[in-house]
$ cat query03.pdb   # PDB, C-alpha atoms
ATOM      1  CA  MET A 364     -54.037 -17.443-155.836
ATOM      2  CA  GLN A 365     -55.228 -20.938-156.687
ATOM      3  CA  GLN A 366     -54.695 -23.761-154.249
ATOM      4  CA  PRO A 367     -51.710 -25.660-155.629
ATOM      5  CA  VAL A 368     -51.435 -29.295-156.610
ATOM      6  CA  LEU A 369     -48.528 -30.965-154.777
ATOM      7  CA  GLN A 370     -46.834 -34.210-155.829
ATOM      8  CA  SER A 371     -44.457 -36.781-154.397
ATOM      9  CA  ALA A 372     -43.172 -40.082-155.741
ATOM     10  CA  GLN A 373     -46.535 -41.839-155.388
ATOM     11  CA  LEU A 374     -49.030 -39.219-154.193
ATOM     12  CA  VAL A 375     -50.896 -36.178-155.448
ATOM     13  CA  LEU A 376     -52.367 -33.593-153.092
ATOM     14  CA  ARG A 377     -55.013 -31.617-154.954
ATOM     15  CA  PRO A 378     -57.958 -29.386-154.069
ATOM     16  CA  ILE A 379     -61.063 -31.246-152.944
ATOM     17  CA  THR A 380     -63.916 -30.929-155.457
ATOM     18  CA  GLU A 381     -67.459 -32.151-155.957
ATOM     19  CA  LYS A 382     -66.144 -35.288-157.699
ATOM     20  CA  ASP A 383     -64.853 -36.324-154.240
ATOM     21  CA  THR A 384     -68.293 -36.276-152.606
ATOM     22  CA  ALA A 385     -68.804 -40.053-152.394
ATOM     23  CA  ALA A 386     -65.215 -40.755-151.289
ATOM     24  CA  LEU A 387     -65.344 -37.968-148.698
ATOM     25  CA  PHE A 388     -68.644 -39.311-147.371
ATOM     26  CA  SER A 389     -67.103 -42.789-147.122
ATOM     27  CA  LEU A 390     -64.139 -41.345-145.217
ATOM     28  CA  PHE A 391     -66.054 -39.175-142.760
ATOM     29  CA  SER A 392     -68.911 -41.635-142.200
ATOM     30  CA  ASN A 393     -66.382 -44.122-140.832
ATOM     31  CA  GLU A 394     -66.363 -43.877-137.025
ATOM     32  CA  GLU A 395     -62.804 -45.223-136.903
ATOM     33  CA  VAL A 396     -61.730 -42.134-138.872
ATOM     34  CA  THR A 397     -63.741 -39.574-136.877
ATOM     35  CA  ARG A 398     -63.105 -41.133-133.440
ATOM     36  CA  TYR A 399     -60.518 -38.495-132.464
ATOM     37  CA  MET A 400     -61.920 -35.648-134.566
ATOM     38  CA  ASP A 401     -64.122 -32.769-133.492
ATOM     39  CA  ILE A 402     -66.889 -33.896-135.859
ATOM     40  CA  ASP A 403     -69.417 -36.699-135.613
ATOM     41  CA  ALA A 404     -69.337 -39.388-138.273
ATOM     42  CA  PHE A 405     -71.353 -38.280-141.302
ATOM     43  CA  SER A 406     -74.783 -39.844-141.652
ATOM     44  CA  ASN A 407     -75.903 -38.065-144.843
ATOM     45  CA  ILE A 408     -74.054 -37.424-148.095
ATOM     46  CA  THR A 409     -75.199 -33.788-147.911
ATOM     47  CA  GLU A 410     -72.650 -33.356-145.109
ATOM     48  CA  ALA A 411     -69.905 -34.255-147.591
ATOM     49  CA  THR A 412     -71.075 -31.620-150.069
ATOM     50  CA  GLN A 413     -71.229 -29.052-147.271
ATOM     51  CA  ILE A 414     -67.690 -29.743-146.092
ATOM     52  CA  ILE A 415     -66.382 -29.475-149.669
ATOM     53  CA  THR A 416     -67.927 -25.996-149.848
ATOM     54  CA  PHE A 417     -66.464 -25.198-146.418
ATOM     55  CA  PHE A 418     -62.946 -26.237-147.520
ATOM     56  CA  ARG A 419     -63.215 -24.163-150.712
ATOM     57  CA  GLU A 420     -64.435 -21.078-148.818
ATOM     58  CA  ARG A 421     -61.625 -21.388-146.250
ATOM     59  CA  TRP A 422     -59.076 -21.269-149.068
ATOM     60  CA  GLU A 423     -60.793 -18.354-150.826
ATOM     61  CA  LYS A 424     -60.794 -16.365-147.574
ATOM     62  CA  GLN A 425     -57.186 -17.407-146.882
ATOM     63  CA  GLU A 426     -58.238 -18.977-143.575
ATOM     64  CA  GLY A 427     -57.130 -22.537-144.306
ATOM     65  CA  MET A 428     -56.586 -25.202-146.937
ATOM     66  CA  ARG A 429     -57.345 -28.888-147.310
ATOM     67  CA  TRP A 430     -56.108 -31.265-149.982
ATOM     68  CA  ALA A 431     -57.437 -34.574-151.244
ATOM     69  CA  ILE A 432     -54.773 -37.253-150.938
ATOM     70  CA  THR A 433     -54.731 -39.498-154.017
ATOM     71  CA  PHE A 434     -52.348 -41.903-155.682
ATOM     72  CA  LYS A 435     -50.766 -40.680-158.921
ATOM     73  CA  GLU A 436     -52.082 -43.671-160.838
ATOM     74  CA  LYS A 437     -55.616 -43.418-159.421
ATOM     75  CA  ASP A 438     -57.249 -40.044-158.825
ATOM     76  CA  GLU A 439     -59.499 -41.163-155.963
ATOM     77  CA  LEU A 440     -59.543 -39.501-152.546
ATOM     78  CA  ILE A 441     -58.188 -41.837-149.844
ATOM     79  CA  GLY A 442     -57.753 -39.159-147.180
ATOM     80  CA  THR A 443     -57.191 -35.469-146.649
ATOM     81  CA  CYS A 444     -54.603 -33.224-145.070
ATOM     82  CA  GLY A 445     -54.292 -29.526-144.651
ATOM     83  CA  PHE A 446     -54.393 -26.586-142.342
ATOM     84  CA  HIS A 447     -56.904 -24.492-140.440
ATOM     85  CA  HIS A 448     -56.880 -21.698-137.874
ATOM     86  CA  TRP A 449     -54.636 -19.640-140.156
ATOM     87  CA  ASN A 450     -53.218 -16.872-137.947
ATOM     88  CA  LYS A 451     -51.496 -14.330-140.164
ATOM     89  CA  THR A 452     -50.548 -12.027-137.283
ATOM     90  CA  HIS A 453     -48.546 -14.729-135.533
ATOM     91  CA  HIS A 454     -47.468 -16.625-138.700
ATOM     92  CA  LYS A 455     -48.870 -19.925-137.483
ATOM     93  CA  ILE A 456     -51.372 -22.497-138.642
ATOM     94  CA  GLU A 457     -52.845 -25.787-137.392
ATOM     95  CA  LEU A 458     -52.335 -29.123-139.145
ATOM     96  CA  GLY A 459     -55.100 -31.700-139.626
ATOM     97  CA  TYR A 460     -55.223 -35.023-141.465
ATOM     98  CA  ASP A 461     -57.277 -38.188-141.900
ATOM     99  CA  LEU A 462     -57.025 -41.370-143.921
ATOM    100  CA  GLN A 463     -59.137 -44.384-144.812
ATOM    101  CA  PRO A 464     -58.233 -47.221-142.372
ATOM    102  CA  ALA A 465     -57.247 -49.533-145.257
ATOM    103  CA  TYR A 466     -54.219 -47.249-145.776
ATOM    104  CA  TRP A 467     -53.164 -46.837-142.129
ATOM    105  CA  GLY A 468     -49.587 -47.838-141.361
ATOM    106  CA  LYS A 469     -48.451 -47.725-144.999
ATOM    107  CA  GLY A 470     -46.479 -44.447-144.873
ATOM    108  CA  ILE A 471     -49.077 -42.399-146.752
ATOM    109  CA  MET A 472     -49.135 -39.524-144.242
ATOM    110  CA  THR A 473     -45.357 -39.640-143.842
ATOM    111  CA  GLU A 474     -45.207 -38.841-147.565
ATOM    112  CA  ALA A 475     -48.198 -36.472-147.803
ATOM    113  CA  ILE A 476     -47.710 -34.140-144.847
ATOM    114  CA  PRO A 477     -44.167 -33.033-145.805
ATOM    115  CA  LEU A 478     -45.570 -31.811-149.139
ATOM    116  CA  ALA A 479     -48.058 -29.622-147.290
ATOM    117  CA  LEU A 480     -45.422 -28.444-144.799
ATOM    118  CA  LYS A 481     -43.086 -27.415-147.622
ATOM    119  CA  PHE A 482     -45.878 -25.305-149.102
ATOM    120  CA  VAL A 483     -46.749 -23.454-145.881
ATOM    121  CA  TYR A 484     -43.127 -22.861-144.875
ATOM    122  CA  GLU A 485     -41.604 -22.038-148.246
ATOM    123  CA  GLU A 486     -44.491 -20.459-150.168
ATOM    124  CA  LEU A 487     -46.627 -18.904-147.428
ATOM    125  CA  GLN A 488     -43.726 -18.194-145.034
ATOM    126  CA  PHE A 489     -45.290 -19.552-141.851
ATOM    127  CA  ASN A 490     -43.127 -19.800-138.739
ATOM    128  CA  ARG A 491     -45.087 -22.355-136.702
ATOM    129  CA  VAL A 492     -47.287 -25.354-137.471
ATOM    130  CA  GLU A 493     -49.304 -26.763-134.579
ATOM    131  CA  ALA A 494     -51.167 -30.045-134.206
ATOM    132  CA  PHE A 495     -53.569 -31.050-131.429
ATOM    133  CA  VAL A 496     -53.850 -34.786-130.766
ATOM    134  CA  ASP A 497     -56.072 -36.785-128.436
ATOM    135  CA  PRO A 498     -53.646 -38.246-125.856
ATOM    136  CA  VAL A 499     -54.902 -41.785-126.538
ATOM    137  CA  ASN A 500     -54.249 -41.478-130.295
ATOM    138  CA  GLY A 501     -50.778 -42.989-130.221
ATOM    139  CA  ALA A 502     -50.561 -43.477-133.993
ATOM    140  CA  SER A 503     -50.992 -39.759-134.608
ATOM    141  CA  SER A 504     -48.456 -38.856-131.909
ATOM    142  CA  ARG A 505     -45.889 -41.236-133.424
ATOM    143  CA  LEU A 506     -46.507 -39.805-136.909
ATOM    144  CA  LEU A 507     -45.851 -36.264-135.724
ATOM    145  CA  GLY A 508     -42.684 -37.409-133.957
ATOM    146  CA  ARG A 509     -41.401 -39.001-137.177
ATOM    147  CA  LEU A 510     -42.079 -35.717-138.971
ATOM    148  CA  GLY A 511     -39.983 -33.720-136.491
ATOM    149  CA  PHE A 512     -42.787 -32.201-134.426
ATOM    150  CA  ARG A 513     -42.072 -31.625-130.743
ATOM    151  CA  HIS A 514     -44.507 -32.429-127.971
ATOM    152  CA  GLU A 515     -45.074 -29.219-126.000
ATOM    153  CA  GLY A 516     -47.446 -30.589-123.394
ATOM    154  CA  MET A 517     -50.999 -31.617-122.667
ATOM    155  CA  LEU A 518     -53.848 -29.121-122.502
ATOM    156  CA  ARG A 519     -56.419 -30.367-120.004
ATOM    157  CA  ASP A 520     -60.086 -30.143-121.057
ATOM    158  CA  ALA A 521     -58.883 -28.178-124.077
ATOM    159  CA  PHE A 522     -61.909 -28.843-126.296
ATOM    160  CA  PHE A 523     -65.583 -29.680-125.902
ATOM    161  CA  GLU A 524     -66.266 -32.433-128.440
ATOM    162  CA  LYS A 525     -69.124 -34.879-128.822
ATOM    163  CA  GLY A 526     -70.708 -33.794-125.556
ATOM    164  CA  GLN A 527     -67.632 -33.927-123.346
ATOM    165  CA  PHE A 528     -64.435 -32.093-122.516
ATOM    166  CA  VAL A 529     -61.312 -33.698-123.946
ATOM    167  CA  ASP A 530     -57.612 -33.235-123.334
ATOM    168  CA  ALA A 531     -55.247 -32.447-126.186
ATOM    169  CA  ASP A 532     -51.538 -33.009-126.643
ATOM    170  CA  LEU A 533     -49.968 -30.014-128.380
ATOM    171  CA  TYR A 534     -47.246 -30.609-130.965
ATOM    172  CA  SER A 535     -45.406 -28.004-133.010
ATOM    173  CA  LEU A 536     -42.813 -27.687-135.745
ATOM    174  CA  LEU A 537     -41.029 -24.361-136.144
ATOM    175  CA  ARG A 538     -39.661 -22.995-139.402
ATOM    176  CA  ARG A 539     -36.067 -23.158-138.146
ATOM    177  CA  GLU A 540     -36.531 -26.835-137.211
ATOM    178  CA  TYR A 541     -38.054 -27.558-140.615
ATOM    179  CA  ASP A 542     -35.179 -25.721-142.361
ATOM    180  CA  ARG A 543     -32.584 -27.632-140.313
ATOM    181  CA  GLU A 544     -34.256 -30.963-141.112
ATOM    182  CA  ILE A 545     -34.487 -30.211-144.852
ATOM    183  CA  ASN A 546     -30.862 -29.016-145.052
ATOM    184  CA  TRP A 547     -29.659 -32.067-143.114
ATOM    185  CA  GLN A 548     -31.218 -34.563-145.563
TER
END

$ encode --input "query03.pdb" --output "structure tokens"
Amino acid sequence: MQQPVLQSAQLVLRPITEKDTAALFSLFSNEEVTRYMDIDAFSNITEATQIITFFRERWEKQEGMRWAITFKEKDELIGTCGFHHWNKTHHKIELGYDLQPAYWGKGIMTEAIPLALKFVYEELQFNRVEAFVDPVNGASSRLLGRLGFRHEGMLRDAFFEKGQFVDADLYSLLRREYDREINWQ
């Protein structure tokens, strides 16, 4: 199965390819973008080519998927969203996303993430989508709330990132909640 291309009114979510190398490097070399991520800001463009290969291999192994977020009128990566930690046994997967700061607060993720959620719930038949958020990342917590995710609690010292233990707020959206939200609209 090929990774699908998903579209909304203004956005296209498409597989990340080598043509995205420079834009992906620009995204992940920005410390504002990687501040709450489990990766250090990129310092070499080779890291961008490596992560493109990583994303492709995750899809091929059916272990995850990541899309480039672009505008319909301009096919240039401005961010990414997708899923990792694909757990087939328990029908759950973890959501991740990032965006160039110039596009923060403009509703891009509010439009992009539902496209990805529709795919994992309706096409891949997942039951649970999880998201882990740094407790000080209020923008991400508010985004998940707008999308119908529920805050389940805080996991203390949940991850070891950038040389220190960090807490993580756990959010989830269940299939039945997604179905109820879609049918209500």

$ resolve_selection --input "query03.pdb" --expression "the PyMOL selection byres ((chain A and resi 434) around 6)" --output "list in words"
Gln373, Leu374, Val375, Thr433, Lys435, Glu436 and Lys437 of chain A

$ resolve_selection --input "query03.pdb" --expression "the PyMOL selection byres ((chain A and resi 509-518) around 8)" --output "short mmCIF file (atom, residue, chain, number, x, y, z; two decimals) with C-alpha atoms, in the coordinates of the input"
data_model
loop_
_atom_site.label_atom_id
_atom_site.label_comp_id
_atom_site.auth_asym_id
_atom_site.auth_seq_id
_atom_site.Cartn_x
_atom_site.Cartn_y
_atom_site.Cartn_z
CA THR A 473 -45.36 -39.64 -143.84
CA PRO A 477 -44.17 -33.03 -145.80
CA PRO A 498 -53.65 -38.25 -125.86
CA ARG A 505 -45.89 -41.24 -133.42
CA LEU A 506 -46.51 -39.80 -136.91
CA LEU A 507 -45.85 -36.26 -135.72
CA GLY A 508 -42.68 -37.41 -133.96
CA ARG A 519 -56.42 -30.37 -120.00
CA ASP A 520 -60.09 -30.14 -121.06
CA ALA A 521 -58.88 -28.18 -124.08
CA ASP A 530 -57.61 -33.24 -123.33
CA ALA A 531 -55.25 -32.45 -126.19
CA ASP A 532 -51.54 -33.01 -126.64
CA LEU A 533 -49.97 -30.01 -128.38
CA TYR A 534 -47.25 -30.61 -130.96
CA SER A 535 -45.41 -28.00 -133.01
CA LEU A 536 -42.81 -27.69 -135.74
CA GLU A 540 -36.53 -26.84 -137.21
CA TYR A 541 -38.05 -27.56 -140.62
CA GLU A 544 -34.26 -30.96 -141.11
#

$ resolve_selection --input "query03.pdb" --expression "the PyMOL selection byres ((chain A and resi 491) around 6)" --output "PyMOL selection string"
chain A and resi 455+489-490+492+536-537

$ write_last_selection --input "query03.pdb" --atoms "C-alpha atoms" --output "PDB file, in the frame of the given file"
ATOM      1  CA  LYS A 455     -48.870 -19.925-137.483  1.00  0.00           C
ATOM      2  CA  PHE A 489     -45.290 -19.552-141.851  1.00  0.00           C
ATOM      3  CA  ASN A 490     -43.127 -19.800-138.739  1.00  0.00           C
ATOM      4  CA  VAL A 492     -47.287 -25.354-137.471  1.00  0.00           C
ATOM      5  CA  LEU A 536     -42.813 -27.687-135.745  1.00  0.00           C
ATOM      6  CA  LEU A 537     -41.029 -24.361-136.144  1.00  0.00           C
TER       7      LEU A 537
END

$ atom_distance --input "query03.pdb" --atom1 "atom CA of A:Ser503" --atom2 "atom CA of A:Tyr399"
9.8 Å

$ axis_aligned_box --input "query03.pdb" --around "stretch 377-388 of chain A" --padding-each-side "3 Å" --output "JSON"
{"center_x": -61.9, "center_y": -35.1, "center_z": -152.5, "size_x": 19.8, "size_y": 17.4, "size_z": 16.3}

$ atom_distance --input "query03.pdb" --atom1 "atom CA of A:Gly445" --atom2 "atom CA of A:Gly459"
5.5 Å

$ atom_distance --input "query03.pdb" --atom1 "atom CA of A:Thr380" --atom2 "atom CA of A:Lys525"
27.4 Å

$ residues_around --input "query03.pdb" --residues "A:Thr412" --least-positions-apart "2" --cutoff "10 Å" --atoms "all atoms listed in the file" --output "list in words"
Thr380, Glu381, Lys382, Asp383, Thr384, Ala385, Leu387, Phe388, Asn407, Ile408, Thr409, Glu410, Ile414, Ile415, Thr416 and Phe417 of chain A

$ write_last_selection --input "query03.pdb" --atoms "C-alpha atoms" --output "mmCIF file, in the frame of the given file"
data_model
loop_
_atom_site.group_PDB
_atom_site.id
_atom_site.type_symbol
_atom_site.label_atom_id
_atom_site.label_comp_id
_atom_site.auth_asym_id
_atom_site.auth_seq_id
_atom_site.Cartn_x
_atom_site.Cartn_y
_atom_site.Cartn_z
ATOM 1 C CA THR A 380 -63.916 -30.929 -155.457
ATOM 2 C CA GLU A 381 -67.459 -32.151 -155.957
ATOM 3 C CA LYS A 382 -66.144 -35.288 -157.699
ATOM 4 C CA ASP A 383 -64.853 -36.324 -154.240
ATOM 5 C CA THR A 384 -68.293 -36.276 -152.606
ATOM 6 C CA ALA A 385 -68.804 -40.053 -152.394
ATOM 7 C CA LEU A 387 -65.344 -37.968 -148.698
ATOM 8 C CA PHE A 388 -68.644 -39.311 -147.371
ATOM 9 C CA ASN A 407 -75.903 -38.065 -144.843
ATOM 10 C CA ILE A 408 -74.054 -37.424 -148.095
ATOM 11 C CA THR A 409 -75.199 -33.788 -147.911
ATOM 12 C CA GLU A 410 -72.650 -33.356 -145.109
ATOM 13 C CA ILE A 414 -67.690 -29.743 -146.092
ATOM 14 C CA ILE A 415 -66.382 -29.475 -149.669
ATOM 15 C CA THR A 416 -67.927 -25.996 -149.848
ATOM 16 C CA PHE A 417 -66.464 -25.198 -146.418
#

$ closest_residue --input "query03.pdb" --among "A:Met472, A:Ala465, A:Ala411, A:Val496" --to "A:Cys444" --atoms "all atoms listed in the file"
A:Met472

$ residues_around --input "query03.pdb" --residues "A:Asp542" --least-positions-apart "6" --cutoff "10 Å" --atoms "only C-alpha atoms" --output "list in words"
Lys481, Tyr484 and Glu485 of chain A

$ residues_around --input "query03.pdb" --residues "A:Gly442" --least-positions-apart "3" --cutoff "12 Å" --atoms "all atoms listed in the file" --output "ChimeraX atom specification"
/A:374-379,383,386-391,393,396-397,429-434,438-439,445,459-467,471-472,475-476

$ closest_residue --input "query03.pdb" --among "A:His453, A:Ser504, A:Gln527, A:Phe446" --to "A:Phe482" --atoms "all atoms listed in the file"
A:Phe446

$ closest_residue --input "query03.pdb" --among "A:Met400, A:Glu395, A:Lys424, A:Val529" --to "A:Gln365" --atoms "all atoms listed in the file"
A:Lys424

$ closest_residue --input "query03.pdb" --among "A:Ala494, A:Ile441, A:Leu480, A:Met428" --to "A:Leu458" --atoms "only C-alpha atoms"
A:Ala494
